[in-house]
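A short write-up of the structure that comes next.
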Amino acid sequence: MTARIIGTGSYVPERIVKNEDLAKIVETSDEWIVSRTGIHERRVAVEEGTSHMAVEAAKKALADAGVGAEELDIILLATSSPDYCFPAGACEVQAEIGAVNAVAYDISAACSGFIFAMNTVYGFMKAGIYRTALVIGADCLSKLTDWSDRSTCVLFGDAAGAAVMRAEETGLVHMTMGSDGVKGPVLSCVARTTGNFANGRIPEIGYMYMDGQEVFKFAVKKVPDCVRQVLEESGVPIDEIRYFILHQANYRIVEAAARRLKQPMEKFPMNMDRYGNTSGATIPTLLDDMNRAGKLERGDKIVIAGFGAGLTWGAALVEW
Ligand code: UT7
């Protein structure tokens, strides 16, 4: 038994912020952003938070799968920008959609979060523990962004994507996940847990920090490495892969991965031009775009791969 994706959904906020809009608040230009990242515009949440976006994506995924919320055994929300430290955003989703029979909790693995959540469900289904799961990747990084820091504020957007997974004979074939905590400081955001009565410090409200070049170097090596690993370990030739659904951080990272894997760019769909880097939501929103456009056919082999803060990385070979 394995875990198969049987429905997808996504949500993006209405507010579109174009590169030209950012050029009015920091020293940047549409030319710089497009040529260095491939991003033209992104969505920014105004009133909505991570849980609201997650709920909307979840409802669409359930409708697409034809699954009732009460059928869910488990809800995993991958996010690094939850609305609350606790309860978990997954519990809010559970309450909103009425998934009364599910266990619900969050997974924190930044941009690798959706892959980690999907792979966790695979483990549960392979072991025969759960039959129906809802996996969501949702992030509202605009609220952790220093809007005066041009090296990060041009990169990110807000969104949520979701997939319903069911225990079936075909689906997720093989996966890998990894972490390197030593490299953690290159991409980080401090939580409000730094001050208390005993140390006399006021809790810090942190913004994200990123050493972009370090993350870039890590990504262009790690992504092709983990794609090759899942293919080699499962004995599937790379030419049999119809699509590589990669984390949408920078089109140059995707191009470098395609070059290293010796695969044509047509196999690497992208949506970062419209949404920017939406962290845990890039992969499920892209899957949903492809699914709704009828680009995924039953039996297609696809590889999903990503990387993010931690540092973390992961990949999965999936039969659609
Ligand atoms: O989801 C995972 C999270 N993050 C990533 O995957 C990000 C990975 N890294 C990247 O995508 C790239 O490193 C960036 C897009 C962040 C930066 O691109 P880069 O080609 O590595 O640029 P750079 O950092 O080397 O900066 C080049 C120049 C610098 O100026 P000087 O020192 O050459 O004068 C920067 O100060 O560009 C400057 N710069 C900007 N200029 C205009 C940095 N940000 C901007 C900006 N607009 N927004």
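Ligands are numbered from 1 in the order shown, chains are lettered A, B, ... in the order of the structure tokens, and residues start at 1 in each chain.
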Apply DSSP to the structure's backbone, then extract all residues of region 80-240 of chain A labelled alpha helix (DSSP H) and return them as a ChimeraX atom specification. /A:89-97,113-126,150-153,212-234
So which residues touch Lys60 (chain A) within 8 Å, counting only C-alpha atoms, skipping near sequence neighbours fewer than 5 positions away, as a list in words?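 Non-adjacent residues within range: Thr8, Gly9 and Ser10 of chain A.
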Residues of region 78-312 of chain A classed as strand (DSSP E) by DSSP on the backbone are to be reported as a PyMOL selection string. chain A and resi 78+103-107+132-140+158-168+172-179+187-189+208-210+243-246+301-308+312
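A distance cut-off of 6 Å from ligand 1, applied to only C-alpha atoms and all ligand atoms, picks out the residues Thr28, Ser29, Trp32, Arg36, Thr37, Cys111, Arg150, Ser151, Val154, Gly212, Gln213, Val215, Phe216, Ala249, Asn250, Ser279 and Gly308 of chain A.
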Have a look at A:Leu134, A:Ile283, A:Gly178, A:Phe124 and name the one nearest to Gln94 (chain A); count only C-alpha atoms. A:Leu134
What is the distance, in Å and to one decimal place, between CA of Gly184 (chain A) and CA of Cys153 (chain A)? 19.8 Å
Excluding same-chain residues fewer than 5 positions from Ser112 (chain A), what lies within 8 Å of it counting only C-alpha atoms, as a list of chain:residue names?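 After dropping sequence-adjacent residues, the list is A:His247, A:Ser279, A:Gly280, A:Gly306, A:Phe307, A:Gly308, A:Ala309, A:Thr312, A:Trp313, A:Gly314.
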Give me the residues within 9 Å of region 236-243 of chain A as a ChimeraX atom specification, counting only C-alpha atoms and dropping any in the same chain fewer than 2 places off. /A:228,230-234,245,261,263,266-269,296,300-304,317
Preceding selection exported with C-alpha atoms as a short mmCIF file (atom, residue, chain, number, x, y, z; two decimals), in the first residue's frame:
data_model
loop_
_atom_site.label_atom_id
_atom_site.label_comp_id
_atom_site.auth_asym_id
_atom_site.auth_seq_id
_atom_site.Cartn_x
_atom_site.Cartn_y
_atom_site.Cartn_z
CA ARG A 228 18.94 11.41 -8.83
CA VAL A 230 15.09 8.75 -5.63
CA LEU A 231 15.38 7.69 -9.27
CA GLU A 232 18.43 5.49 -8.77
CA GLU A 233 17.02 3.86 -5.64
CA SER A 234 13.73 3.09 -7.37
CA ILE A 245 7.89 19.79 -9.91
CA LEU A 261 19.99 16.43 -14.77
CA GLN A 263 16.60 17.21 -18.99
CA GLU A 266 9.66 21.80 -20.85
CA LYS A 267 9.68 19.18 -18.09
CA PHE A 268 10.10 21.87 -15.42
CA PRO A 269 6.84 23.82 -15.02
CA LEU A 296 -1.29 15.45 -15.32
CA ASP A 300 2.43 9.89 -15.32
CA LYS A 301 5.66 9.66 -13.37
CA ILE A 302 6.65 12.94 -11.76
CA VAL A 303 9.41 13.92 -9.37
CA ILE A 304 8.71 16.50 -6.69
CA LEU A 317 8.90 9.99 -7.07
#
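Checking A:Ala198, A:Val227, A:Ala3, A:Thr193 one by one against Val135 (chain A), counting only C-alpha atoms, you find the shortest gap at A:Ala3.
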Excluding same-chain residues fewer than 3 positions from Thr120 (chain A), what lies within 12 Å of it counting only C-alpha atoms, as a PyMOL selection string? chain A and resi 2-3+74-78+105-107+113-117+123-127+129-130+133-135+165+172+174-177+314+316
Next, write the just-selected residues to a file, as a CSV table (one decimal), in the first residue's frame, keeping N, CA and C atoms as the atom set.
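The result, stored in result00.csv:
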chain,number,residue,atom,x,y,z
A,2,THR,N,0.4,2.3,-0.8
A,2,THR,CA,1.2,3.5,-0.7
A,2,THR,C,0.2,4.7,-0.6
A,3,ALA,N,0.6,5.9,-0.9
A,3,ALA,CA,-0.2,7.1,-0.7
A,3,ALA,C,-0.4,7.8,-2.1
A,74,ILE,N,-6.1,12.2,9.0
A,74,ILE,CA,-5.0,13.0,9.5
A,74,ILE,C,-4.9,14.3,8.6
A,75,ILE,N,-4.6,15.4,9.3
A,75,ILE,CA,-4.3,16.7,8.6
A,75,ILE,C,-2.9,17.2,9.0
A,76,LEU,N,-2.0,17.3,8.0
A,76,LEU,CA,-0.7,17.9,8.2
A,76,LEU,C,-0.6,19.2,7.5
A,77,LEU,N,-0.3,20.3,8.3
A,77,LEU,CA,-0.1,21.6,7.7
A,77,LEU,C,1.4,21.9,7.8
A,78,ALA,N,2.0,22.1,6.6
A,78,ALA,CA,3.4,22.5,6.6
A,78,ALA,C,3.5,24.0,6.5
A,105,TYR,N,-1.8,18.3,13.0
A,105,TYR,CA,-0.7,19.0,13.6
A,105,TYR,C,0.2,19.6,12.5
A,106,ASP,N,1.1,20.5,12.9
A,106,ASP,CA,1.9,21.2,11.9
A,106,ASP,C,3.3,20.6,11.7
A,107,ILE,N,3.8,20.8,10.6
A,107,ILE,CA,5.2,20.4,10.3
A,107,ILE,C,6.0,21.6,9.9
A,113,GLY,N,8.6,21.9,3.5
A,113,GLY,CA,7.6,21.4,4.4
A,113,GLY,C,6.5,20.5,3.7
A,114,PHE,N,6.1,20.9,2.5
A,114,PHE,CA,5.0,20.1,1.9
A,114,PHE,C,5.5,18.7,1.6
A,115,ILE,N,6.8,18.7,1.1
A,115,ILE,CA,7.4,17.4,0.8
A,115,ILE,C,7.5,16.5,2.0
A,116,PHE,N,8.0,17.2,3.1
A,116,PHE,CA,8.1,16.4,4.4
A,116,PHE,C,6.7,15.9,4.8
A,117,ALA,N,5.7,16.7,4.7
A,117,ALA,CA,4.4,16.3,5.2
A,117,ALA,C,3.8,15.2,4.3
A,123,GLY,N,4.6,7.4,4.8
A,123,GLY,CA,5.0,6.4,5.9
A,123,GLY,C,3.8,5.8,6.6
A,124,PHE,N,2.9,6.7,7.0
A,124,PHE,CA,1.7,6.2,7.7
A,124,PHE,C,0.9,5.2,6.8
A,125,MET,N,0.7,5.6,5.6
A,125,MET,CA,-0.1,4.7,4.7
A,125,MET,C,0.6,3.4,4.4
A,126,LYS,N,1.9,3.5,4.2
A,126,LYS,CA,2.6,2.2,3.9
A,126,LYS,C,2.5,1.3,5.1
A,127,ALA,N,2.5,1.9,6.3
A,127,ALA,CA,2.4,1.1,7.5
A,127,ALA,C,1.0,0.6,7.8
A,129,ILE,N,-1.5,2.6,8.7
A,129,ILE,CA,-2.1,3.3,9.9
A,129,ILE,C,-3.2,4.2,9.5
A,130,TYR,N,-3.1,5.0,8.5
A,130,TYR,CA,-4.2,5.9,8.1
A,130,TYR,C,-4.6,5.6,6.6
A,133,ALA,N,-5.8,11.3,4.0
A,133,ALA,CA,-5.0,12.4,4.6
A,133,ALA,C,-5.2,13.7,3.8
A,134,LEU,N,-5.1,14.8,4.5
A,134,LEU,CA,-5.1,16.1,3.9
A,134,LEU,C,-3.7,16.7,4.2
A,135,VAL,N,-3.0,17.1,3.2
A,135,VAL,CA,-1.6,17.7,3.3
A,135,VAL,C,-1.7,19.1,2.8
A,165,MET,N,-4.7,12.8,0.1
A,165,MET,CA,-4.0,11.6,-0.3
A,165,MET,C,-4.8,10.4,0.3
A,172,LEU,N,2.7,7.4,-4.4
A,172,LEU,CA,4.1,7.7,-4.1
A,172,LEU,C,5.0,6.5,-4.1
A,174,HIS,N,8.7,6.4,-4.1
A,174,HIS,CA,9.9,6.4,-3.2
A,174,HIS,C,10.2,7.8,-2.8
A,175,MET,N,10.9,8.0,-1.7
A,175,MET,CA,11.2,9.4,-1.3
A,175,MET,C,12.5,9.5,-0.5
A,176,THR,N,13.0,10.7,-0.4
A,176,THR,CA,14.1,10.9,0.4
A,176,THR,C,14.0,12.3,1.1
A,177,MET,N,14.5,12.4,2.3
A,177,MET,CA,14.5,13.7,3.0
A,177,MET,C,15.8,13.9,3.7
A,314,GLY,N,14.3,17.6,0.1
A,314,GLY,CA,13.6,16.3,0.0
A,314,GLY,C,13.1,16.1,-1.4
A,316,ALA,N,10.4,13.3,-3.9
A,316,ALA,CA,9.5,12.1,-4.0
A,316,ALA,C,9.3,11.8,-5.4
Skip Arg259 (chain A) itself and residues of its chain fewer than 4 positions away, then list as a ChimeraX atom specification all residues within 12 Å of it, counting only C-alpha atoms. /A:220-221,223-224,252-255,263-265,267-268
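Distance check against Leu286 (chain A) using only C-alpha atoms: of A:Ile202, A:Met208, A:Met272, A:Ile136, the minimum falls on A:Met272.
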Using only C-alpha atoms, which residues sit within 6 Å of Cys140 (chain A) once same-chain residues fewer than 2 positions away are excluded, as number ranges by chain? A: 50, 81, 142, 158
One number please: CA of His40 (chain A) to CA of Asp273 (chain A), in Å, one decimal. 5.0 Å
